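As stored in upload-v1.txt (compact mmCIF, N, CA and C atoms):
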# COMPACT_ATOMS: atom_id res chain seq x y z
N MET A 1 97.32 8.58 106.41
CA MET A 1 96.06 8.72 105.73
C MET A 1 95.63 7.40 105.10
N GLU A 2 96.60 6.68 104.58
CA GLU A 2 96.26 5.40 103.96
C GLU A 2 95.78 4.40 105.00
N VAL A 3 96.34 4.49 106.18
CA VAL A 3 95.95 3.58 107.26
C VAL A 3 94.50 3.85 107.66
N VAL A 4 94.12 5.11 107.72
CA VAL A 4 92.74 5.49 108.07
C VAL A 4 91.78 4.97 107.01
N ALA A 5 92.12 5.06 105.73
CA ALA A 5 91.27 4.56 104.66
C ALA A 5 91.13 3.04 104.76
N LEU A 6 92.20 2.35 105.12
CA LEU A 6 92.15 0.90 105.28
C LEU A 6 91.25 0.51 106.45
N ILE A 7 91.33 1.24 107.53
CA ILE A 7 90.50 0.96 108.71
C ILE A 7 89.02 1.20 108.38
N ILE A 8 88.74 2.28 107.69
CA ILE A 8 87.35 2.60 107.31
C ILE A 8 86.79 1.53 106.37
N SER A 9 87.59 1.07 105.41
CA SER A 9 87.11 0.04 104.49
C SER A 9 86.91 -1.28 105.21
N GLY A 10 87.73 -1.60 106.20
CA GLY A 10 87.55 -2.81 107.02
C GLY A 10 86.26 -2.74 107.81
N ILE A 11 85.97 -1.59 108.41
CA ILE A 11 84.72 -1.41 109.16
C ILE A 11 83.52 -1.53 108.22
N ALA A 12 83.62 -0.95 107.02
CA ALA A 12 82.53 -1.02 106.04
C ALA A 12 82.30 -2.47 105.62
N LEU A 13 83.35 -3.22 105.45
CA LEU A 13 83.23 -4.64 105.09
C LEU A 13 82.56 -5.41 106.22
N PHE A 14 82.96 -5.14 107.44
CA PHE A 14 82.36 -5.80 108.59
C PHE A 14 80.87 -5.49 108.68
N ILE A 15 80.48 -4.26 108.50
CA ILE A 15 79.06 -3.86 108.53
C ILE A 15 78.29 -4.53 107.39
N ALA A 16 78.91 -4.65 106.23
CA ALA A 16 78.25 -5.30 105.10
C ALA A 16 78.01 -6.78 105.37
N VAL A 17 78.96 -7.46 106.00
CA VAL A 17 78.80 -8.88 106.34
C VAL A 17 77.68 -9.05 107.36
N ILE A 18 77.62 -8.20 108.35
CA ILE A 18 76.56 -8.27 109.36
C ILE A 18 75.19 -8.02 108.71
N ALA A 19 75.11 -7.05 107.81
CA ALA A 19 73.84 -6.75 107.13
C ALA A 19 73.42 -7.93 106.26
N PHE A 20 74.36 -8.56 105.60
CA PHE A 20 74.06 -9.72 104.75
C PHE A 20 73.49 -10.86 105.59
N GLN A 21 74.08 -11.11 106.75
CA GLN A 21 73.59 -12.18 107.61
C GLN A 21 72.22 -11.86 108.19
N ARG A 22 71.96 -10.62 108.52
CA ARG A 22 70.67 -10.24 109.09
C ARG A 22 69.54 -10.34 108.07
N THR A 23 69.85 -10.17 106.81
CA THR A 23 68.82 -10.25 105.78
C THR A 23 68.57 -11.68 105.32
N GLY A 24 69.27 -12.64 105.85
CA GLY A 24 69.03 -14.03 105.48
C GLY A 24 70.29 -14.76 105.10
N GLY A 25 71.25 -14.08 104.66
CA GLY A 25 72.53 -14.70 104.33
C GLY A 25 72.41 -15.70 103.19
N PHE A 26 73.25 -16.71 103.27
CA PHE A 26 73.29 -17.72 102.21
C PHE A 26 72.04 -18.62 102.22
N LYS A 27 71.45 -18.80 103.42
CA LYS A 27 70.25 -19.64 103.51
C LYS A 27 69.13 -19.04 102.65
N ASP A 28 68.89 -17.76 102.78
CA ASP A 28 67.85 -17.09 102.00
C ASP A 28 68.20 -17.11 100.51
N LEU A 29 69.48 -16.94 100.22
CA LEU A 29 69.93 -16.95 98.83
C LEU A 29 69.67 -18.31 98.19
N ARG A 30 69.95 -19.39 98.95
CA ARG A 30 69.69 -20.75 98.43
C ARG A 30 68.19 -20.98 98.25
N GLY A 31 67.40 -20.49 99.19
CA GLY A 31 65.94 -20.64 99.08
C GLY A 31 65.39 -19.94 97.85
N ARG A 32 65.86 -18.74 97.62
CA ARG A 32 65.41 -18.00 96.43
C ARG A 32 65.87 -18.69 95.15
N THR A 33 67.10 -19.18 95.16
CA THR A 33 67.61 -19.89 93.99
C THR A 33 66.78 -21.14 93.71
N SER A 34 66.41 -21.86 94.77
CA SER A 34 65.58 -23.05 94.62
C SER A 34 64.20 -22.69 94.07
N ALA A 35 63.61 -21.61 94.56
CA ALA A 35 62.29 -21.17 94.09
C ALA A 35 62.35 -20.77 92.61
N VAL A 36 63.39 -20.06 92.24
CA VAL A 36 63.53 -19.66 90.83
C VAL A 36 63.75 -20.89 89.96
N SER A 37 64.52 -21.85 90.45
CA SER A 37 64.77 -23.06 89.68
C SER A 37 63.49 -23.86 89.47
N SER A 38 62.68 -24.01 90.50
CA SER A 38 61.42 -24.76 90.35
C SER A 38 60.47 -24.02 89.42
N ARG A 39 60.43 -22.72 89.52
CA ARG A 39 59.56 -21.92 88.62
C ARG A 39 60.04 -22.06 87.17
N THR A 40 61.33 -22.05 86.97
CA THR A 40 61.89 -22.22 85.63
C THR A 40 61.52 -23.59 85.06
N GLN A 41 61.56 -24.62 85.89
CA GLN A 41 61.20 -25.97 85.46
C GLN A 41 59.72 -26.03 85.08
N MET A 42 58.85 -25.36 85.84
CA MET A 42 57.42 -25.34 85.52
C MET A 42 57.18 -24.64 84.19
N VAL A 43 57.85 -23.53 83.99
CA VAL A 43 57.71 -22.80 82.73
C VAL A 43 58.23 -23.63 81.57
N ARG A 44 59.33 -24.33 81.76
CA ARG A 44 59.90 -25.19 80.72
C ARG A 44 58.92 -26.31 80.35
N ASN A 45 58.31 -26.95 81.35
CA ASN A 45 57.34 -28.02 81.09
C ASN A 45 56.12 -27.49 80.35
N ASP A 46 55.64 -26.32 80.77
CA ASP A 46 54.48 -25.72 80.11
C ASP A 46 54.81 -25.37 78.66
N LEU A 47 55.97 -24.82 78.45
CA LEU A 47 56.38 -24.46 77.09
C LEU A 47 56.52 -25.71 76.22
N GLN A 48 57.07 -26.78 76.77
CA GLN A 48 57.22 -28.02 76.02
C GLN A 48 55.86 -28.58 75.64
N ARG A 49 54.90 -28.53 76.55
CA ARG A 49 53.55 -29.01 76.27
C ARG A 49 52.92 -28.18 75.15
N ARG A 50 53.08 -26.88 75.21
CA ARG A 50 52.50 -26.01 74.18
C ARG A 50 53.14 -26.25 72.81
N VAL A 51 54.44 -26.48 72.80
CA VAL A 51 55.13 -26.76 71.54
C VAL A 51 54.60 -28.06 70.94
N GLU A 52 54.36 -29.06 71.77
CA GLU A 52 53.83 -30.32 71.27
C GLU A 52 52.43 -30.14 70.69
N VAL A 53 51.60 -29.32 71.33
CA VAL A 53 50.25 -29.06 70.82
C VAL A 53 50.32 -28.35 69.48
N VAL A 54 51.16 -27.32 69.40
CA VAL A 54 51.29 -26.59 68.15
C VAL A 54 51.85 -27.49 67.05
N SER A 55 52.78 -28.35 67.40
CA SER A 55 53.35 -29.26 66.43
C SER A 55 52.30 -30.21 65.88
N SER A 56 51.46 -30.76 66.75
CA SER A 56 50.42 -31.67 66.27
C SER A 56 49.40 -30.94 65.41
N LEU A 57 49.05 -29.70 65.79
CA LEU A 57 48.12 -28.92 64.98
C LEU A 57 48.72 -28.60 63.62
N THR A 58 50.00 -28.28 63.60
CA THR A 58 50.68 -27.98 62.34
C THR A 58 50.69 -29.21 61.44
N GLN A 59 50.91 -30.37 62.02
CA GLN A 59 50.91 -31.62 61.25
C GLN A 59 49.52 -31.87 60.67
N LYS A 60 48.47 -31.64 61.43
CA LYS A 60 47.10 -31.83 60.94
C LYS A 60 46.81 -30.89 59.78
N VAL A 61 47.21 -29.62 59.93
CA VAL A 61 46.99 -28.64 58.86
C VAL A 61 47.77 -29.04 57.61
N ARG A 62 49.00 -29.50 57.79
CA ARG A 62 49.80 -29.92 56.66
C ARG A 62 49.15 -31.10 55.94
N ASP A 63 48.64 -32.05 56.70
CA ASP A 63 47.98 -33.21 56.09
C ASP A 63 46.73 -32.79 55.32
N ARG A 64 45.95 -31.89 55.90
CA ARG A 64 44.74 -31.43 55.21
C ARG A 64 45.09 -30.68 53.93
N ALA A 65 46.11 -29.83 54.01
CA ALA A 65 46.52 -29.10 52.81
C ALA A 65 47.02 -30.06 51.73
N ALA A 66 47.74 -31.10 52.13
CA ALA A 66 48.21 -32.08 51.16
C ALA A 66 47.04 -32.82 50.51
N ASN A 67 46.03 -33.16 51.30
CA ASN A 67 44.85 -33.82 50.74
C ASN A 67 44.11 -32.92 49.77
N ILE A 68 43.99 -31.65 50.11
CA ILE A 68 43.31 -30.70 49.22
C ILE A 68 44.09 -30.56 47.92
N LEU A 69 45.41 -30.44 48.03
CA LEU A 69 46.22 -30.30 46.82
C LEU A 69 46.17 -31.55 45.96
N GLU A 70 46.12 -32.72 46.57
CA GLU A 70 45.98 -33.95 45.80
C GLU A 70 44.64 -33.98 45.06
N GLY A 71 43.58 -33.54 45.74
CA GLY A 71 42.27 -33.47 45.08
C GLY A 71 42.28 -32.50 43.92
N LEU A 72 42.91 -31.35 44.11
CA LEU A 72 43.00 -30.37 43.02
C LEU A 72 43.81 -30.93 41.85
N GLU A 73 44.87 -31.65 42.18
CA GLU A 73 45.68 -32.24 41.12
C GLU A 73 44.85 -33.24 40.31
N ARG A 74 44.05 -34.05 41.00
CA ARG A 74 43.21 -35.01 40.29
C ARG A 74 42.20 -34.30 39.39
N ILE A 75 41.65 -33.22 39.90
CA ILE A 75 40.67 -32.47 39.10
C ILE A 75 41.35 -31.84 37.88
N ILE A 76 42.50 -31.22 38.09
CA ILE A 76 43.19 -30.54 37.00
C ILE A 76 43.69 -31.54 35.97
N ARG A 77 44.22 -32.64 36.41
CA ARG A 77 44.74 -33.63 35.47
C ARG A 77 43.65 -34.49 34.86
N GLY A 78 42.43 -34.33 35.32
CA GLY A 78 41.32 -35.05 34.72
C GLY A 78 41.13 -36.45 35.25
N LYS A 79 41.60 -36.72 36.43
CA LYS A 79 41.44 -38.06 36.99
C LYS A 79 40.27 -38.10 37.96
N GLY A 80 39.51 -37.02 38.05
CA GLY A 80 38.36 -36.97 38.95
C GLY A 80 37.19 -37.75 38.41
N LYS A 81 36.13 -37.87 39.18
CA LYS A 81 34.96 -38.63 38.79
C LYS A 81 34.18 -37.95 37.67
N ASN A 82 34.14 -36.63 37.69
CA ASN A 82 33.34 -35.88 36.73
C ASN A 82 34.18 -35.31 35.61
N ARG A 83 35.05 -36.09 35.06
CA ARG A 83 35.97 -35.60 34.03
C ARG A 83 35.21 -35.12 32.81
N ASN A 84 34.29 -35.90 32.28
CA ASN A 84 33.56 -35.51 31.08
C ASN A 84 32.65 -34.33 31.36
N HIS A 85 32.03 -34.33 32.51
CA HIS A 85 31.14 -33.22 32.85
C HIS A 85 31.92 -31.91 32.93
N GLN A 86 33.10 -31.95 33.55
CA GLN A 86 33.90 -30.73 33.67
C GLN A 86 34.37 -30.27 32.30
N GLY A 87 34.77 -31.17 31.47
CA GLY A 87 35.22 -30.80 30.14
C GLY A 87 34.09 -30.21 29.32
N ASN A 88 32.90 -30.80 29.42
CA ASN A 88 31.74 -30.28 28.69
C ASN A 88 31.36 -28.90 29.18
N ALA A 89 31.42 -28.69 30.47
CA ALA A 89 31.07 -27.38 31.03
C ALA A 89 32.07 -26.33 30.55
N ALA A 90 33.33 -26.66 30.52
CA ALA A 90 34.34 -25.71 30.05
C ALA A 90 34.14 -25.40 28.57
N ASN A 91 33.85 -26.40 27.77
CA ASN A 91 33.59 -26.18 26.34
C ASN A 91 32.37 -25.31 26.13
N GLU A 92 31.35 -25.51 26.96
CA GLU A 92 30.12 -24.71 26.86
C GLU A 92 30.41 -23.24 27.18
N ILE A 93 31.21 -22.98 28.17
CA ILE A 93 31.55 -21.60 28.53
C ILE A 93 32.32 -20.93 27.40
N VAL A 94 33.27 -21.64 26.81
CA VAL A 94 34.05 -21.08 25.70
C VAL A 94 33.14 -20.81 24.51
N ARG A 95 32.21 -21.73 24.23
CA ARG A 95 31.30 -21.56 23.09
C ARG A 95 30.40 -20.34 23.30
N ARG A 96 29.89 -20.15 24.51
CA ARG A 96 29.01 -19.00 24.78
C ARG A 96 29.77 -17.69 24.65
N ARG A 97 31.00 -17.66 25.14
CA ARG A 97 31.77 -16.42 25.05
C ARG A 97 32.08 -16.07 23.60
N SER A 98 32.42 -17.08 22.83
CA SER A 98 32.74 -16.80 21.43
C SER A 98 31.50 -16.40 20.65
N ALA A 99 30.33 -16.87 21.05
CA ALA A 99 29.09 -16.48 20.38
C ALA A 99 28.73 -15.05 20.69
N ARG A 100 29.03 -14.59 21.89
CA ARG A 100 28.69 -13.21 22.28
C ARG A 100 29.69 -12.21 21.71
N THR A 101 30.91 -12.59 21.59
CA THR A 101 31.96 -11.66 21.15
C THR A 101 32.07 -11.73 19.63
N PRO A 102 31.86 -10.60 18.99
CA PRO A 102 32.02 -10.62 17.51
C PRO A 102 33.49 -10.74 17.15
N ARG A 103 33.73 -11.39 16.04
CA ARG A 103 35.11 -11.56 15.57
C ARG A 103 35.62 -10.25 14.98
N ARG A 104 36.87 -10.04 15.21
CA ARG A 104 37.52 -8.84 14.60
C ARG A 104 38.49 -9.33 13.57
N ASP A 105 38.16 -9.08 12.36
CA ASP A 105 39.05 -9.52 11.27
C ASP A 105 39.89 -8.43 10.75

Will you turn the file into structure tokens for me?
Amino acid sequence: MEVVALIISGIALFIAVIAFQRTGGFKDLRGRTSAVSSRTQMVRNDLQRRVEVVSSLTQKVRDRAANILEGLERIIRGKGKNRNHQGNAANEIVRRRSARTPRRD
């Protein structure tokens, strides 16, 4: 019985090898591998280009945010051009609010 099983498995192996060769064998396998490799390289290049674009955009946004924050710092610390005007406007707002609100003693 074991001999029959060995013979059947040998025949099955032989049929599998013939089927593999008829479908293209190693030549087709190499061709497909080459196609997948070239496609992977194209995707890698495209991804690298996109990362560079996003990186440059991120750098521009960071620079703009830094400039805005520097401007705000100058305004808050009073180093802006309209320092006296801003201070007078703030004092005027405080004066108007205190005039409208009655004191509670």

When you draw a straight line from CA of Phe26 in chain A to CA of Asn45 in chain A, how long is it in Å?
28.4 Å

If you measure from CA of Asp63 in chain A to CA of Asp46 in chain A, what distance in Å do you get, rounded to one decimal?
26.0 Å

For the atom pair atom C of Arg22 in chain A and atom C of Arg39 in chain A, what is the interatomic distance in Å to one decimal place?
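That distance, rounded to one decimal, is 25.8 Å.
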